[in-house]
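First comes the structure, then the notes that go with it.
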Amino acid sequence: MKTMMVCATVNGAVRQWTIAPGDLLLDVLRREGYFGVKRGCEKGECGACTVLLDGKPVNSCLVFAAQAEGCEILTIEGLSEGDALHPLQEAFLDHGAVQCGFCSPGMILAAKALLDRQPHPTEEQVRAALAGNYCRCTGYCKPVEAVLAVAGKEPAVARRRKTGAICR
Amino acid sequence: MFEKVEAFYRPESVPEALRLLERGKGQAFLVAGGTDLVVEAGRPVRFLIDLTRAGLSYIRKHDAICAVGATTTLAELEESTAIRALACGLISRAAASCGSVQIRNRATIGGNLAHGSAAADLATPLLALDASALVAGEHGRRRMRLTDYLARSHGDELPHCLLVEIGIPEPPHGARCGWSFQKFGRTEIDIALVNAAAGLQLDTHGRVKWARLALGAVAEFPFRVRGVEELMTGRELDLALLAEAGKEVMRAVKPIDDLRATAEFRRELCRVLVGRAFEECAEHAGYSL
């Protein structure tokens with residue numbers, strides 16, 4: 001089988017891999033032990049395989065590994081600093097935004113990319129940023145609340161609850 | 001599914017990409033964002049030619065033409081000040097309506113058009129704006145109308161050619177102009193059941209000076225609905241005219257039945273979306289219906 005070399009920075013460390021020319025980034029990352037990159041639909045629809053490529057969220061199932069040459073990749077493994085979780089990870093736990101956890105890495109990375117560009121997004125912007133990440137357990141309210149909490153904002157639902165517009 | 005790929009090329013120029021494409025003899029496939037190519041199984045892919053380093057990611061203004069390189073991503077179109085300033089942000093809004101953030105960070109304008117989807121969301125606004133396609137082949141580069149490019153690439157009449165750039169002429173402007181992009185899909189990130197781009201200008205009496213209308217997902221490829229444009233020109237813009245335009249649209253489209261919707265539903269959707277599109281145009285033009 002023909003092979004080629006690809007060199008990229010993953011979570012701050014330079015990595016060099018021998019890949020097949022048709023390898024997808026998702027497969028190579030998992031083969032190299034980055035299991036936080038989840039294999040979901042493999043069609044670019046569920047967002048479970050989201051990584052940040054040069055700071056931008058992409059579906060790693062749709063990127064050829066060879067295209068990552070010279071790029072900086074961030075996976076969920078690179079987000080915490082030692083034992084200290086990233087504020088987004090803490091917020092997801094605090095808000096009950098994690099159940100089975102399969103979608104969490106992708107959602108958290110998509111949210112990180114948003115907050116890096118726009119530290120104080122509106123709820124609508126948060127929802128748009130997470131539109132490409134499917135969750136099949138908790139739904140979307142709690143992840144949205146978690147992201148807004150990190151951005152120092154209250155979600156509309158909580159505001160309505162306080163004012164008595166919603167009773168639960 | 002890409003196990004049989006023998007080489008992945010990253011040409012740094014268009015001529016180099018064209019040489020590789022020709023050498024591949026039908027087994028070489030162009031890739032940029034990969035959002036279409038990767039999900040389509042069953043192609044005899046032996047060589048992959050990645051265009052993202054061929055110098056085709058740019059948005060430039062030359063005189064009255066805005067030139068957009070083929071590998072410019074949808075996210076870049078969404079954010080570009082030059083593109084947002086064009087025709088009430090028509091193209092930016094269409095780009096923002098495509099798929100998820102992850103998809104828009106990869107998918108390119110060239111891929112959206114060259115892939116030949118009947119539902120290509122960028123094709124409709126670009127058709128409405130009279131855009132052109134710059135195509136490179138072994139005999140050099142030629143510029144053609146986008147509508148011709150869509151028809152010819154759909155019919156496989158452009159083998160070993162490469163879509164290099166989209167040219168967007170300065171849209172007609174002045175007082176009482178308006179533009180609108182409308183799209184209806186099952187979900188936020190699903191492909192369009194119908195998409196529509198419209199534009200118009202009104203005179204001081206509320207008469208239509210010119211109208212533009214393009215529709216997608218309701219024919220073999222996205223197209224300009226000239227019948228409606230002609231019907232509206234010179235007439236006073238009111239609800240009766242919009243109803244008439246809606247009827248004409250329903251006659252002009254040739255939708256299909258598929259898993260997403262019936263042809264009948266799509267035809268009705270065309271009528272509704274075209275009405276909304278011209279209503280929004282009128283609003284931008286500062287005119288109340």
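The chains in the structure tokens are called A, B, ... from first to last as shown; in each chain the residues are counted from 1, and the ligands are counted from 1 in the order shown.
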
- Task: Give me, as a PyMOL selection string, the contact residues of chain B against chain A at a cut-off of 7 Å, counting only C-alpha atoms.
- Result: chain B and resi 2-3+5-8+34-35+38-39+100-103+105-106

Atoms to include: N, CA and C atoms. Write the selected residues as a PDB file, in the first residue's frame.
ATOM      1  N   PHE B   2     -11.881   5.123   0.771  1.00  0.00           N
ATOM      2  CA  PHE B   2     -10.805   5.733  -0.012  1.00  0.00           C
ATOM      3  C   PHE B   2      -9.530   4.893   0.087  1.00  0.00           C
ATOM      4  N   GLU B   3      -9.731   3.603   0.345  1.00  0.00           N
ATOM      5  CA  GLU B   3      -8.578   2.707   0.505  1.00  0.00           C
ATOM      6  C   GLU B   3      -7.777   2.591  -0.779  1.00  0.00           C
ATOM      7  N   VAL B   5      -7.119   4.875  -2.920  1.00  0.00           N
ATOM      8  CA  VAL B   5      -6.453   6.101  -3.374  1.00  0.00           C
ATOM      9  C   VAL B   5      -4.941   5.890  -3.357  1.00  0.00           C
ATOM     10  N   GLU B   6      -4.315   6.174  -4.497  1.00  0.00           N
ATOM     11  CA  GLU B   6      -2.876   5.921  -4.606  1.00  0.00           C
ATOM     12  C   GLU B   6      -2.025   7.146  -4.304  1.00  0.00           C
ATOM     13  N   ALA B   7      -2.595   8.313  -4.498  1.00  0.00           N
ATOM     14  CA  ALA B   7      -1.795   9.517  -4.230  1.00  0.00           C
ATOM     15  C   ALA B   7      -2.701  10.688  -3.884  1.00  0.00           C
ATOM     16  N   PHE B   8      -2.212  11.537  -3.010  1.00  0.00           N
ATOM     17  CA  PHE B   8      -2.924  12.755  -2.621  1.00  0.00           C
ATOM     18  C   PHE B   8      -2.034  13.931  -3.002  1.00  0.00           C
ATOM     19  N   GLY B  34     -14.263  18.956   0.797  1.00  0.00           N
ATOM     20  CA  GLY B  34     -14.532  17.520   0.983  1.00  0.00           C
ATOM     21  C   GLY B  34     -15.937  17.191   1.445  1.00  0.00           C
ATOM     22  N   THR B  35     -16.762  18.237   1.669  1.00  0.00           N
ATOM     23  CA  THR B  35     -18.069  17.971   2.280  1.00  0.00           C
ATOM     24  C   THR B  35     -19.025  17.241   1.349  1.00  0.00           C
ATOM     25  N   VAL B  38     -16.537  13.384   0.079  1.00  0.00           N
ATOM     26  CA  VAL B  38     -16.309  12.313   1.058  1.00  0.00           C
ATOM     27  C   VAL B  38     -17.572  11.495   1.330  1.00  0.00           C
ATOM     28  N   VAL B  39     -18.726  12.140   1.247  1.00  0.00           N
ATOM     29  CA  VAL B  39     -19.951  11.406   1.598  1.00  0.00           C
ATOM     30  C   VAL B  39     -20.550  10.649   0.416  1.00  0.00           C
ATOM     31  N   SER B 100     -24.015  23.268   8.836  1.00  0.00           N
ATOM     32  CA  SER B 100     -23.591  23.705  10.164  1.00  0.00           C
ATOM     33  C   SER B 100     -22.331  24.560  10.055  1.00  0.00           C
ATOM     34  N   VAL B 101     -21.909  25.109  11.192  1.00  0.00           N
ATOM     35  CA  VAL B 101     -20.653  25.876  11.237  1.00  0.00           C
ATOM     36  C   VAL B 101     -19.506  25.010  10.718  1.00  0.00           C
ATOM     37  N   GLN B 102     -19.491  23.744  11.161  1.00  0.00           N
ATOM     38  CA  GLN B 102     -18.413  22.837  10.752  1.00  0.00           C
ATOM     39  C   GLN B 102     -18.375  22.694   9.230  1.00  0.00           C
ATOM     40  N   ILE B 103     -19.559  22.569   8.629  1.00  0.00           N
ATOM     41  CA  ILE B 103     -19.627  22.428   7.170  1.00  0.00           C
ATOM     42  C   ILE B 103     -19.182  23.725   6.504  1.00  0.00           C
ATOM     43  N   ASN B 105     -17.199  25.947   7.486  1.00  0.00           N
ATOM     44  CA  ASN B 105     -15.764  26.187   7.616  1.00  0.00           C
ATOM     45  C   ASN B 105     -14.965  25.426   6.571  1.00  0.00           C
ATOM     46  N   ARG B 106     -15.561  24.421   5.936  1.00  0.00           N
ATOM     47  CA  ARG B 106     -14.844  23.619   4.944  1.00  0.00           C
ATOM     48  C   ARG B 106     -15.386  23.820   3.532  1.00  0.00           C
TER      49      ARG B 106
END

Selection: 10 Å around Lys247 in chain B, only C-alpha atoms, excl. self and same-chain fewer than 6 positions, as a short mmCIF file (atom, residue, chain, number, x, y, z; two decimals) with N, CA and C atoms, in the first residue's frame:
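Now in out.cif:
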data_model
loop_
_atom_site.label_atom_id
_atom_site.label_comp_id
_atom_site.auth_asym_id
_atom_site.auth_seq_id
_atom_site.Cartn_x
_atom_site.Cartn_y
_atom_site.Cartn_z
N VAL B 228 -41.24 35.51 -14.96
CA VAL B 228 -41.72 36.32 -13.84
C VAL B 228 -41.09 37.71 -13.88
N LEU B 241 -50.21 41.61 -8.07
CA LEU B 241 -49.08 41.29 -8.94
C LEU B 241 -48.29 40.10 -8.37
N ARG B 267 -43.92 22.75 -5.48
CA ARG B 267 -44.49 23.77 -6.38
C ARG B 267 -45.20 24.85 -5.55
N GLU B 268 -45.97 24.40 -4.57
CA GLU B 268 -46.68 25.34 -3.70
C GLU B 268 -45.68 26.17 -2.89
N CYS B 270 -42.76 27.04 -3.80
CA CYS B 270 -42.18 28.06 -4.70
C CYS B 270 -43.04 29.32 -4.68
N ARG B 271 -44.35 29.11 -4.79
CA ARG B 271 -45.26 30.24 -4.81
C ARG B 271 -45.12 31.05 -3.52
#

- Message: Between CA of His160 in chain B and CA of Gly26 in chain B, what distance in Å does the model show, to one decimal?
- Response: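 About the pair CA of His160 in chain B and CA of Gly26 in chain B: they are 8.4 Å apart.
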
Mind the document's chain letters and residue numbers, and return as an mmCIF file with N, CA and C atoms, in the first residue's frame the residues of chain A that DSSP labels strand (DSSP E).
data_model
loop_
_atom_site.group_PDB
_atom_site.id
_atom_site.type_symbol
_atom_site.label_atom_id
_atom_site.label_comp_id
_atom_site.auth_asym_id
_atom_site.auth_seq_id
_atom_site.Cartn_x
_atom_site.Cartn_y
_atom_site.Cartn_z
ATOM 1 N N MET A 4 2.180 8.019 2.787
ATOM 2 C CA MET A 4 2.806 9.336 2.750
ATOM 3 C C MET A 4 2.953 9.841 4.177
ATOM 4 N N MET A 5 3.731 10.891 4.331
ATOM 5 C CA MET A 5 3.944 11.446 5.664
ATOM 6 C C MET A 5 3.093 12.713 5.821
ATOM 7 N N VAL A 6 2.619 12.900 7.032
ATOM 8 C CA VAL A 6 1.936 14.165 7.304
ATOM 9 C C VAL A 6 2.394 14.660 8.674
ATOM 10 N N CYS A 7 2.608 15.956 8.762
ATOM 11 C CA CYS A 7 3.101 16.543 10.003
ATOM 12 C C CYS A 7 2.124 17.621 10.455
ATOM 13 N N ALA A 8 1.641 17.501 11.673
ATOM 14 C CA ALA A 8 0.691 18.493 12.200
ATOM 15 C C ALA A 8 0.946 18.680 13.690
ATOM 16 N N THR A 9 0.413 19.759 14.225
ATOM 17 C CA THR A 9 0.527 19.995 15.670
ATOM 18 C C THR A 9 -0.793 19.580 16.315
ATOM 19 N N VAL A 10 -0.740 18.648 17.238
ATOM 20 C CA VAL A 10 -1.965 18.221 17.906
ATOM 21 C C VAL A 10 -1.860 18.573 19.383
ATOM 22 N N ALA A 13 1.546 19.700 20.525
ATOM 23 C CA ALA A 13 2.742 18.890 20.283
ATOM 24 C C ALA A 13 2.841 18.527 18.803
ATOM 25 N N VAL A 14 4.049 18.625 18.259
ATOM 26 C CA VAL A 14 4.245 18.295 16.841
ATOM 27 C C VAL A 14 4.195 16.780 16.668
ATOM 28 N N ARG A 15 3.393 16.361 15.710
ATOM 29 C CA ARG A 15 3.234 14.926 15.442
ATOM 30 C C ARG A 15 3.508 14.650 13.981
ATOM 31 N N GLN A 16 4.180 13.532 13.740
ATOM 32 C CA GLN A 16 4.406 13.123 12.361
ATOM 33 C C GLN A 16 3.841 11.721 12.188
ATOM 34 N N TRP A 17 3.021 11.563 11.173
ATOM 35 C CA TRP A 17 2.384 10.262 10.980
ATOM 36 C C TRP A 17 2.624 9.733 9.566
ATOM 37 N N THR A 18 2.633 8.418 9.472
ATOM 38 C CA THR A 18 2.626 7.773 8.160
ATOM 39 C C THR A 18 1.175 7.403 7.891
ATOM 40 N N ILE A 19 0.644 7.916 6.787
ATOM 41 C CA ILE A 19 -0.771 7.679 6.496
ATOM 42 C C ILE A 19 -0.930 7.122 5.076
ATOM 43 N N THR A 50 -16.053 16.457 15.788
ATOM 44 C CA THR A 50 -15.536 17.831 15.660
ATOM 45 C C THR A 50 -14.174 17.990 16.328
ATOM 46 N N VAL A 51 -13.252 18.601 15.590
ATOM 47 C CA VAL A 51 -11.992 19.056 16.175
ATOM 48 C C VAL A 51 -11.811 20.505 15.721
ATOM 49 N N LEU A 52 -10.902 21.222 16.362
ATOM 50 C CA LEU A 52 -10.600 22.566 15.863
ATOM 51 C C LEU A 52 -9.368 22.477 14.969
ATOM 52 N N LEU A 53 -9.541 22.889 13.718
ATOM 53 C CA LEU A 53 -8.442 22.878 12.750
ATOM 54 C C LEU A 53 -8.065 24.343 12.546
ATOM 55 N N LYS A 56 -10.703 26.525 13.975
ATOM 56 C CA LYS A 56 -12.082 26.483 13.487
ATOM 57 C C LYS A 56 -12.671 25.095 13.612
ATOM 58 N N PRO A 57 -13.917 24.999 14.074
ATOM 59 C CA PRO A 57 -14.522 23.668 14.175
ATOM 60 C C PRO A 57 -14.769 23.056 12.800
ATOM 61 N N VAL A 58 -14.364 21.807 12.645
ATOM 62 C CA VAL A 58 -14.619 21.065 11.396
ATOM 63 C C VAL A 58 -15.008 19.638 11.771
ATOM 64 N N ASN A 59 -15.686 18.973 10.851
ATOM 65 C CA ASN A 59 -15.983 17.556 11.044
ATOM 66 C C ASN A 59 -14.771 16.768 10.560
ATOM 67 N N GLU A 72 -2.742 23.250 12.896
ATOM 68 C CA GLU A 72 -2.852 23.031 14.346
ATOM 69 C C GLU A 72 -4.188 22.410 14.638
ATOM 70 N N ILE A 73 -4.160 21.272 15.324
ATOM 71 C CA ILE A 73 -5.395 20.563 15.633
ATOM 72 C C ILE A 73 -5.593 20.596 17.149
ATOM 73 N N LEU A 74 -6.818 20.892 17.548
ATOM 74 C CA LEU A 74 -7.132 20.790 18.981
ATOM 75 C C LEU A 74 -8.234 19.756 19.152
#

- Task: Kindly indicate which residue among A:Pro105, A:Arg136, A:Glu145, A:Val150 lies nearest to Leu79 in chain A, using only C-alpha atoms for the distances.
- Result: A:Pro105

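The spacing separating CA of Arg60 in chain B from CA of Glu76 in chain B amounts to 12.5 Å.
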
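Shell of Ile49 in chain B at 9 Å, with only C-alpha atoms counted and residues fewer than 4 places along the chain excluded, is Ala7, Phe8, Tyr9, Arg10, Pro11, Ala17, Leu20, Leu21, Ala28, Phe29, Leu30, Val31 and Ala32 of chain B.
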
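Minimum atom-to-atom distance to Ala64 in chain B, evaluated using only C-alpha atoms, belongs to B:Ile168 out of B:Ile168, B:Leu18, B:Leu193, B:Ala214.
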
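Reported to one decimal place, the separation of CA of Asn195 in chain B from CA of Leu51 in chain B is 27.9 Å.
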